[in-house]
Structures are given as C-alpha cells and as structure tokens.
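Student: Enclosed is the structure file target07.txt (compact mmCIF, C-alpha atoms).
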# COMPACT_ATOMS: atom_id res chain seq x y z
CA MET A 1293 259.39 45.10 178.62
CA ARG A 1294 258.59 44.27 182.22
CA ASN A 1295 255.19 45.40 183.49
CA ASN A 1296 255.43 46.51 187.13
CA SER A 1297 251.70 46.94 187.88
CA LYS A 1298 250.38 44.85 190.74
CA LEU A 1299 248.28 41.88 189.67
CA ILE A 1300 245.16 40.84 191.59
CA ILE A 1301 243.88 37.42 190.48
CA PHE A 1302 240.39 36.34 191.50
CA ASP A 1303 238.74 32.99 191.75
CA PHE A 1304 235.20 33.29 190.37
CA ASP A 1305 232.66 30.88 191.89
CA GLY A 1306 232.09 31.77 195.53
CA THR A 1307 234.47 34.73 195.35
CA LEU A 1308 232.97 37.14 192.83
CA ALA A 1309 229.81 35.26 191.87
CA ASP A 1310 227.30 33.57 194.16
CA THR A 1311 227.06 30.35 192.15
CA LEU A 1312 226.54 27.90 195.03
CA GLY A 1313 222.80 27.47 194.48
CA ALA A 1314 223.26 26.93 190.75
CA LEU A 1315 226.08 24.43 191.23
CA MET A 1316 224.08 22.54 193.87
CA ARG A 1317 221.09 22.23 191.55
CA ILE A 1318 223.31 20.96 188.76
CA SER A 1319 225.13 18.55 191.07
CA ASN A 1320 221.89 17.10 192.40
CA ARG A 1321 220.48 16.66 188.88
CA LEU A 1322 223.58 14.70 187.87
CA ALA A 1323 223.69 12.57 191.04
CA PRO A 1324 221.73 9.57 189.68
CA GLU A 1325 223.85 9.47 186.52
CA PHE A 1326 227.19 9.51 188.35
CA GLY A 1327 226.20 7.42 191.34
CA TYR A 1328 226.45 9.75 194.33
CA SER A 1329 223.86 10.98 196.80
CA GLN A 1330 222.06 14.27 196.37
CA ILE A 1331 223.09 16.95 198.84
CA GLY A 1332 220.65 18.72 201.15
CA ASP A 1333 221.17 21.79 203.31
CA GLU A 1334 222.33 19.75 206.31
CA GLN A 1335 224.95 17.86 204.31
CA LEU A 1336 226.06 21.07 202.62
CA ALA A 1337 226.74 22.73 205.98
CA SER A 1338 229.13 19.93 206.93
CA LEU A 1339 230.90 19.99 203.55
CA LYS A 1340 231.93 23.61 204.12
CA TYR A 1341 234.65 22.39 206.48
CA LEU A 1342 236.18 19.93 204.03
CA SER A 1343 238.68 20.27 201.20
CA SER A 1344 237.70 19.36 197.64
CA TRP A 1345 239.57 16.05 197.83
CA GLU A 1346 237.83 15.17 201.10
CA ILE A 1347 234.46 15.88 199.50
CA ILE A 1348 235.32 13.73 196.48
CA LYS A 1349 236.36 10.84 198.73
CA LEU A 1350 233.18 11.23 200.77
CA SER A 1351 231.01 11.16 197.64
CA LYS A 1352 232.59 7.86 196.55
CA VAL A 1353 232.53 8.96 192.92
CA ALA A 1354 234.98 6.80 190.98
CA LEU A 1355 238.04 8.87 190.10
CA TRP A 1356 237.78 7.90 186.44
CA LYS A 1357 234.30 9.46 186.36
CA LEU A 1358 235.42 12.74 187.90
CA PRO A 1359 236.61 14.51 184.70
CA PHE A 1360 233.33 13.60 182.99
CA LEU A 1361 231.31 14.88 185.96
CA LEU A 1362 233.17 18.19 186.06
CA LYS A 1363 232.74 18.58 182.31
CA ARG A 1364 229.00 18.00 182.61
CA VAL A 1365 228.71 20.55 185.41
CA LYS A 1366 230.35 23.20 183.20
CA GLU A 1367 228.10 22.25 180.30
CA GLU A 1368 224.97 22.52 182.46
CA PHE A 1369 225.96 25.88 183.93
CA PRO A 1370 224.70 28.12 181.07
CA GLY A 1371 221.16 26.97 181.89
CA GLU A 1372 221.55 28.49 185.35
CA VAL A 1373 223.52 31.62 184.50
CA ARG A 1374 220.56 33.99 184.55
CA ASN A 1375 219.88 32.98 188.17
CA VAL A 1376 223.42 33.84 189.30
CA ARG A 1377 224.31 37.18 190.89
CA LEU A 1378 227.60 38.77 191.82
CA PHE A 1379 228.12 39.25 195.54
CA PRO A 1380 227.07 42.67 196.90
CA GLY A 1381 230.00 45.06 196.70
CA ALA A 1382 231.89 43.04 194.08
CA ILE A 1383 231.36 45.46 191.19
CA GLU A 1384 232.26 48.49 193.34
CA LEU A 1385 235.39 46.68 194.50
CA LEU A 1386 236.51 45.82 190.98
CA ASN A 1387 235.92 49.33 189.68
CA THR A 1388 237.86 50.81 192.60
CA LEU A 1389 240.81 48.48 192.12
CA LYS A 1390 240.90 49.25 188.40
CA LEU A 1391 240.86 53.00 189.08
CA GLN A 1392 243.71 52.53 191.55
CA GLY A 1393 245.78 50.99 188.76
CA TYR A 1394 245.75 47.31 189.64
CA ARG A 1395 245.70 44.74 186.87
CA LEU A 1396 242.82 42.30 187.37
CA GLY A 1397 242.45 38.71 186.22
CA ILE A 1398 240.43 35.58 186.89
CA VAL A 1399 241.64 32.01 187.28
CA SER A 1400 238.75 29.64 187.89
CA SER A 1401 237.82 26.02 187.38
CA ASN A 1402 234.59 27.14 185.73
CA ALA A 1403 234.53 27.37 181.94
CA GLU A 1404 235.82 30.62 180.44
CA SER A 1405 232.64 31.00 178.40
CA ASN A 1406 230.49 30.74 181.55
CA ILE A 1407 232.58 33.34 183.35
CA ARG A 1408 232.59 35.76 180.44
CA SER A 1409 228.83 35.38 180.10
CA LEU A 1410 228.33 36.51 183.69
CA LEU A 1411 230.87 39.32 183.37
CA SER A 1412 229.15 40.56 180.22
CA GLN A 1413 225.75 40.24 181.89
CA ASN A 1414 227.04 42.63 184.58
CA HIS A 1415 228.93 44.90 182.14
CA ILE A 1416 232.33 44.38 183.77
CA GLU A 1417 234.17 42.17 181.28
CA HIS A 1418 236.35 45.13 180.28
CA LEU A 1419 237.81 45.36 183.80
CA PHE A 1420 239.82 42.14 183.42
CA ASP A 1421 243.09 41.69 181.60
CA PHE A 1422 242.51 37.95 181.35
CA VAL A 1423 240.03 35.19 182.18
CA ASN A 1424 241.60 31.76 182.50
CA SER A 1425 239.89 28.41 182.96
CA ALA A 1426 242.02 25.91 184.91
CA SER A 1427 241.41 22.33 185.94
CA THR A 1428 239.92 21.80 189.40
CA PHE A 1429 243.32 21.10 190.95
CA GLY A 1430 245.43 22.96 188.40
CA LYS A 1431 245.00 26.57 189.47
CA GLY A 1432 248.53 26.91 190.81
CA LYS A 1433 250.05 25.79 187.53
CA ALA A 1434 247.75 28.11 185.55
CA ILE A 1435 248.63 31.10 187.73
CA GLY A 1436 252.34 30.35 187.41
CA LYS A 1437 252.08 30.40 183.61
CA LEU A 1438 250.20 33.70 183.69
CA LEU A 1439 252.83 35.34 185.88
CA LYS A 1440 255.45 34.45 183.28
CA GLN A 1441 253.23 35.53 180.40
CA TYR A 1442 252.58 38.96 181.93
CA GLU A 1443 256.12 39.27 183.34
CA CYS A 1444 254.80 39.69 186.87
CA SER A 1445 256.94 38.82 189.89
CA LYS A 1446 255.45 36.64 192.61
CA SER A 1447 255.71 39.49 195.09
CA ASP A 1448 253.47 41.61 192.83
CA ALA A 1449 250.68 39.02 192.58
CA ILE A 1450 247.91 38.06 195.00
CA TYR A 1451 245.24 35.38 194.58
CA ILE A 1452 241.76 35.89 196.06
CA GLY A 1453 239.64 32.78 196.70
CA ASP A 1454 236.97 31.19 198.83
CA GLU A 1455 238.14 27.58 199.05
CA ILE A 1456 240.86 25.57 200.73
CA ARG A 1457 242.17 24.57 197.31
CA ASP A 1458 242.61 28.26 196.41
CA ILE A 1459 244.94 28.70 199.37
CA GLN A 1460 246.79 25.54 198.39
CA ALA A 1461 247.12 26.72 194.77
CA ALA A 1462 248.65 30.05 195.78
CA ARG A 1463 250.98 28.41 198.29
CA SER A 1464 252.15 25.90 195.67
CA ILE A 1465 253.68 28.69 193.57
CA GLY A 1466 254.71 31.02 196.39
CA ILE A 1467 252.31 33.95 196.03
CA ARG A 1468 250.20 35.62 198.69
CA VAL A 1469 246.58 34.63 199.11
CA VAL A 1470 243.58 36.39 200.60
CA ALA A 1471 240.72 34.12 201.62
CA VAL A 1472 237.12 35.37 201.53
CA GLY A 1473 234.64 34.31 204.18
CA TRP A 1474 231.43 34.54 202.13
CA GLY A 1475 232.01 31.63 199.72
CA PHE A 1476 231.99 27.85 199.94
CA ASN A 1477 234.43 26.94 202.72
CA ALA A 1478 233.68 28.12 206.26
CA PRO A 1479 235.94 30.89 207.58
CA THR A 1480 237.32 28.65 210.34
CA ALA A 1481 238.29 26.01 207.77
CA LEU A 1482 240.08 28.68 205.73
CA ILE A 1483 241.90 30.12 208.74
CA ASP A 1484 243.17 26.63 209.59
CA ARG A 1485 245.01 26.67 206.21
CA GLN A 1486 246.71 29.96 207.13
CA PRO A 1487 246.00 32.38 204.28
CA ASP A 1488 247.84 35.70 204.43
CA LEU A 1489 244.54 37.33 205.31
CA LEU A 1490 240.84 36.52 205.66
CA ILE A 1491 238.22 39.12 204.75
CA THR A 1492 234.47 38.99 205.36
CA LYS A 1493 233.14 41.45 202.78
CA PRO A 1494 234.35 42.39 199.27
CA LEU A 1495 235.18 46.04 199.93
CA ALA A 1496 237.46 44.99 202.81
CA LEU A 1497 239.93 43.89 200.14
CA ILE A 1498 240.82 47.53 199.44
CA ASN A 1499 242.22 48.00 202.95
CA ALA A 1500 243.70 44.51 202.88
CA LEU A 1501 245.74 45.33 199.79
CA ALA A 1502 247.02 48.48 201.50
CA ARG A 1503 248.78 46.19 203.98
CA PHE A 1504 250.68 44.53 201.15
CA TYR A 1505 251.11 47.57 198.90
CA PRO A 1506 251.27 50.81 200.93
CA THR A 1507 251.42 52.77 197.67
CA PRO A 1508 248.99 51.38 195.07
CA PRO A 1509 249.72 51.73 191.34
CA THR A 1510 248.69 55.10 189.95
CA HIS A 1511 247.74 53.90 186.49
CA LEU A 1512 247.16 50.77 184.51
CA ALA A 1513 250.15 49.98 182.34
CA CYS A 1514 249.62 48.62 178.83
CA LEU A 1515 250.08 44.88 178.39
Take the structure in the file and write it out as structure tokens.
Tutor:
Amino acid sequence: MRNNSKLIIFDFDGTLADTLGALMRISNRLAPEFGYSQIGDEQLASLKYLSSWEIIKLSKVALWKLPFLLKRVKEEFPGEVRNVRLFPGAIELLNTLKLQGYRLGIVSSNAESNIRSLLSQNHIEHLFDFVNSASTFGKGKAIGKLLKQYECSKSDAIYIGDEIRDIQAARSIGIRVVAVGWGFNAPTALIDRQPDLLITKPLALINALARFYPTPPTHLACL
C-alpha cells in the first residue's frame, strides 16, 4: 500500500552533526600514508568554495587510492565520535518534524554504524525510519532506491545537505533540495548551484518546509 507521508532525508556530516573537526584530524593523520598535504585553517577556508571532485583533484591523491582512503576515514571515525556534537537546534528540529508527521531518514557517505552511534549517543535514533550509508558520489542512486522501497513519490521527498555534491545528488534524481549554510561548503558556493532553498539555522527548516507543503502531515503512517 502506498505511503503518502512526506519524506525528509538528511545528510549527516555537516548537516546534523558537526563532524568537521573530527574529519580534519583524521584526514591529517592519514596524509603521510596516502601522499597528500595536511590541511590547515587557511587551506580549509579556501576548500569551502570547491566541490568534492575539485578538492580531490587539488589533493593529487591517486584515484585508485581514493576508496582505500575513504574506508580508512570511516574506520578511524569511532575514535573521534565522543568529540562530535549535533548542531544547536538539530534535536529540536527533528522532534518537531516527527511530531508534525514527517518521515525522517538519513543518507550519508559516513558509515551507518558511525551515524547510529551518534544518534544513540543523543537518544534520537528512534526518530529515523532509515539510516543509509552511500558511497561518496552515490547518494543520488541510494536516495532513488529508497524512494522506491518506501513507495514515496519524488514530489513528496526533500533532501537536506551542506555540500555541493548533496545538491547534485538531489538534482540527479529530480527531487527538491534544501542547502544548509552551517556545514562544509560556503553559502555562496551552495547558492551558485541553485538549491531550492538555503537556510542558515536548523529550525528555519520548519518554515522552509511550509513553502513546499502548506499542510504538513498530521500523523506518521506505518511503514
């Protein structure tokens, strides 16, 4: 039976969780092993205007090494998880959306176990209908599969993310995308990629969704 509840899909790193410091520490630890330069604050500021592919090209990491590097980053992440916090307002936002009847999910390039660990740490794992780990450039494909799995039309789904590649992923499958201005990519870089909307604080998403769905769901349907 078709489920008509609206589906809000979140990226995780940089959107719900402030993982930038943790990921930078991991990346810099792995730099000697994978042959790229460590990144300081000045370099990081300039990277915020680039797409993921542009950053990879700039790093000069051999493409064949990339899957191994990304795997190592995910494996190193549990050692940093206790230092990671959700962005202020994120928990209140998620609880409000759930009470309004939206279905909530996560599609992230981080490992599912890492995401669930942080959700459990903050006692909000129960708010999500699914947590999906996708490849770095495979979010669009993963979201498309989930829409079919949960019998959700594209018009009833919105992706929320902080990076250029999140906008590209949503556009690749024809769903709306809301960009957040507190994550990795700079707001001006995100605006250049023309998301449906850019917000600057988590709770602003509630009013943003009202633009797309004047009448929010009144209850959460069973999956």
Student: Between atom CA of A:Ala1478 and atom CA of A:Tyr1341, what is the distance in Å, rounded to a tenth?
Tutor: 5.8 Å
Student: Quick one: residues within 9 Å of A:Leu1386, all atoms listed in the file, excluding same-chain residues fewer than 5 positions away - as a ChimeraX atom specification?
Tutor: /A:1381,1391,1396,1416,1419
Student: Within 6 Å of stretch 1442-1457 of chain A, counting only C-alpha atoms, which residues show up once you throw out same-chain ones fewer than 6 positions away? Write them as a PyMOL selection string, please.
Tutor: chain A and resi 1294+1298-1303+1306-1307+1343+1467-1472+1475+1477+1482
Student: From the options A:Gln1441, A:Ala1481, A:Ser1400, A:Leu1378, which residue's atoms come nearest to A:Asn1414, counting only C-alpha atoms?
Tutor: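 Checking each candidate against A:Asn1414, we get A:Leu1378 as the closest.
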Student: Do you know which residues are at most 9 Å from A:Lys1433 counting all atoms listed in the file, after dropping those on the same chain fewer than 6 positions away, and could you put them as a VMD selection string?
Tutor: chain A and resid 1426 1461 1464 to 1465
Student: Leaving out A:Lys1352 and any residue of its chain fewer than 2 positions from it, which residues lie within 10 Å of it when counting all atoms listed in the file, given as a list of chain:residue names?
Tutor: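 So the residues in contact are A:Phe1326, A:Gly1327, A:Tyr1328, A:Ser1329, A:Ile1347, A:Ile1348, A:Lys1349, A:Leu1350, A:Ala1354, A:Leu1355.
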Student: Considering only C-alpha atoms, state which residue in the set A:Thr1428, A:Thr1311, A:Thr1388, A:Thr1480 is at the smallest distance from A:Leu1361.
Tutor: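 Counting only C-alpha atoms, the residue closest to A:Leu1361 is A:Thr1428.
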Student: Could you please determine the separation between atom CA of A:Val1423 and atom CA of A:Glu1346 in Å, to one decimal place?
Tutor: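 We find that atom CA of A:Val1423 and atom CA of A:Glu1346 lie 27.6 Å from each other.
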Student: For atom CA of A:Phe1379 and atom CA of A:Lys1340, determine how far apart the two atoms are, in Å to one decimal place.
Tutor: 18.2 Å
Student: Around (229.0, 45.3, 198.5) in the file's frame, which residues reach within 10 Å when counting all atoms listed in the file? Return as a list in words?
Tutor: Leu1378, Phe1379, Pro1380, Gly1381, Ala1382, Ile1383, Glu1384, Leu1385, Lys1493, Pro1494, Leu1495 and Ala1496 of chain A
Student: In terms of the shortest atom-to-atom distance over only C-alpha atoms, which of A:Ile1331, A:Ile1435, A:Val1399, A:Leu1410 is closest to A:Asn1375?
Tutor: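 Of the candidates, the smallest distance to A:Asn1375 is held by A:Leu1410.
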Student: Return the single residue from A:Asp1305, A:Glu1417, A:Glu1404, A:Glu1325 that is closest to A:Arg1364, with distances computed using all atoms listed in the file.
Tutor: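 Among A:Asp1305, A:Glu1417, A:Glu1404, A:Glu1325, it is A:Glu1325 that comes nearest to A:Arg1364.
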Student: In terms of the shortest atom-to-atom distance over all atoms listed in the file, which of A:Leu1389, A:Leu1358, A:Val1373, A:Leu1411 is closest to A:Phe1429?
Tutor: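 Checking each of A:Leu1389, A:Leu1358, A:Val1373, A:Leu1411 against A:Phe1429, counting all atoms listed in the file, the winner is A:Leu1358.
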Student: May I ask which of the residues A:Lys1363, A:Arg1503, A:Arg1317, A:Lys1440 is the closest one to A:Ser1401, counting all atoms listed in the file?
Tutor: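 Among the listed residues, the smallest separation from A:Ser1401 belongs to A:Lys1363.
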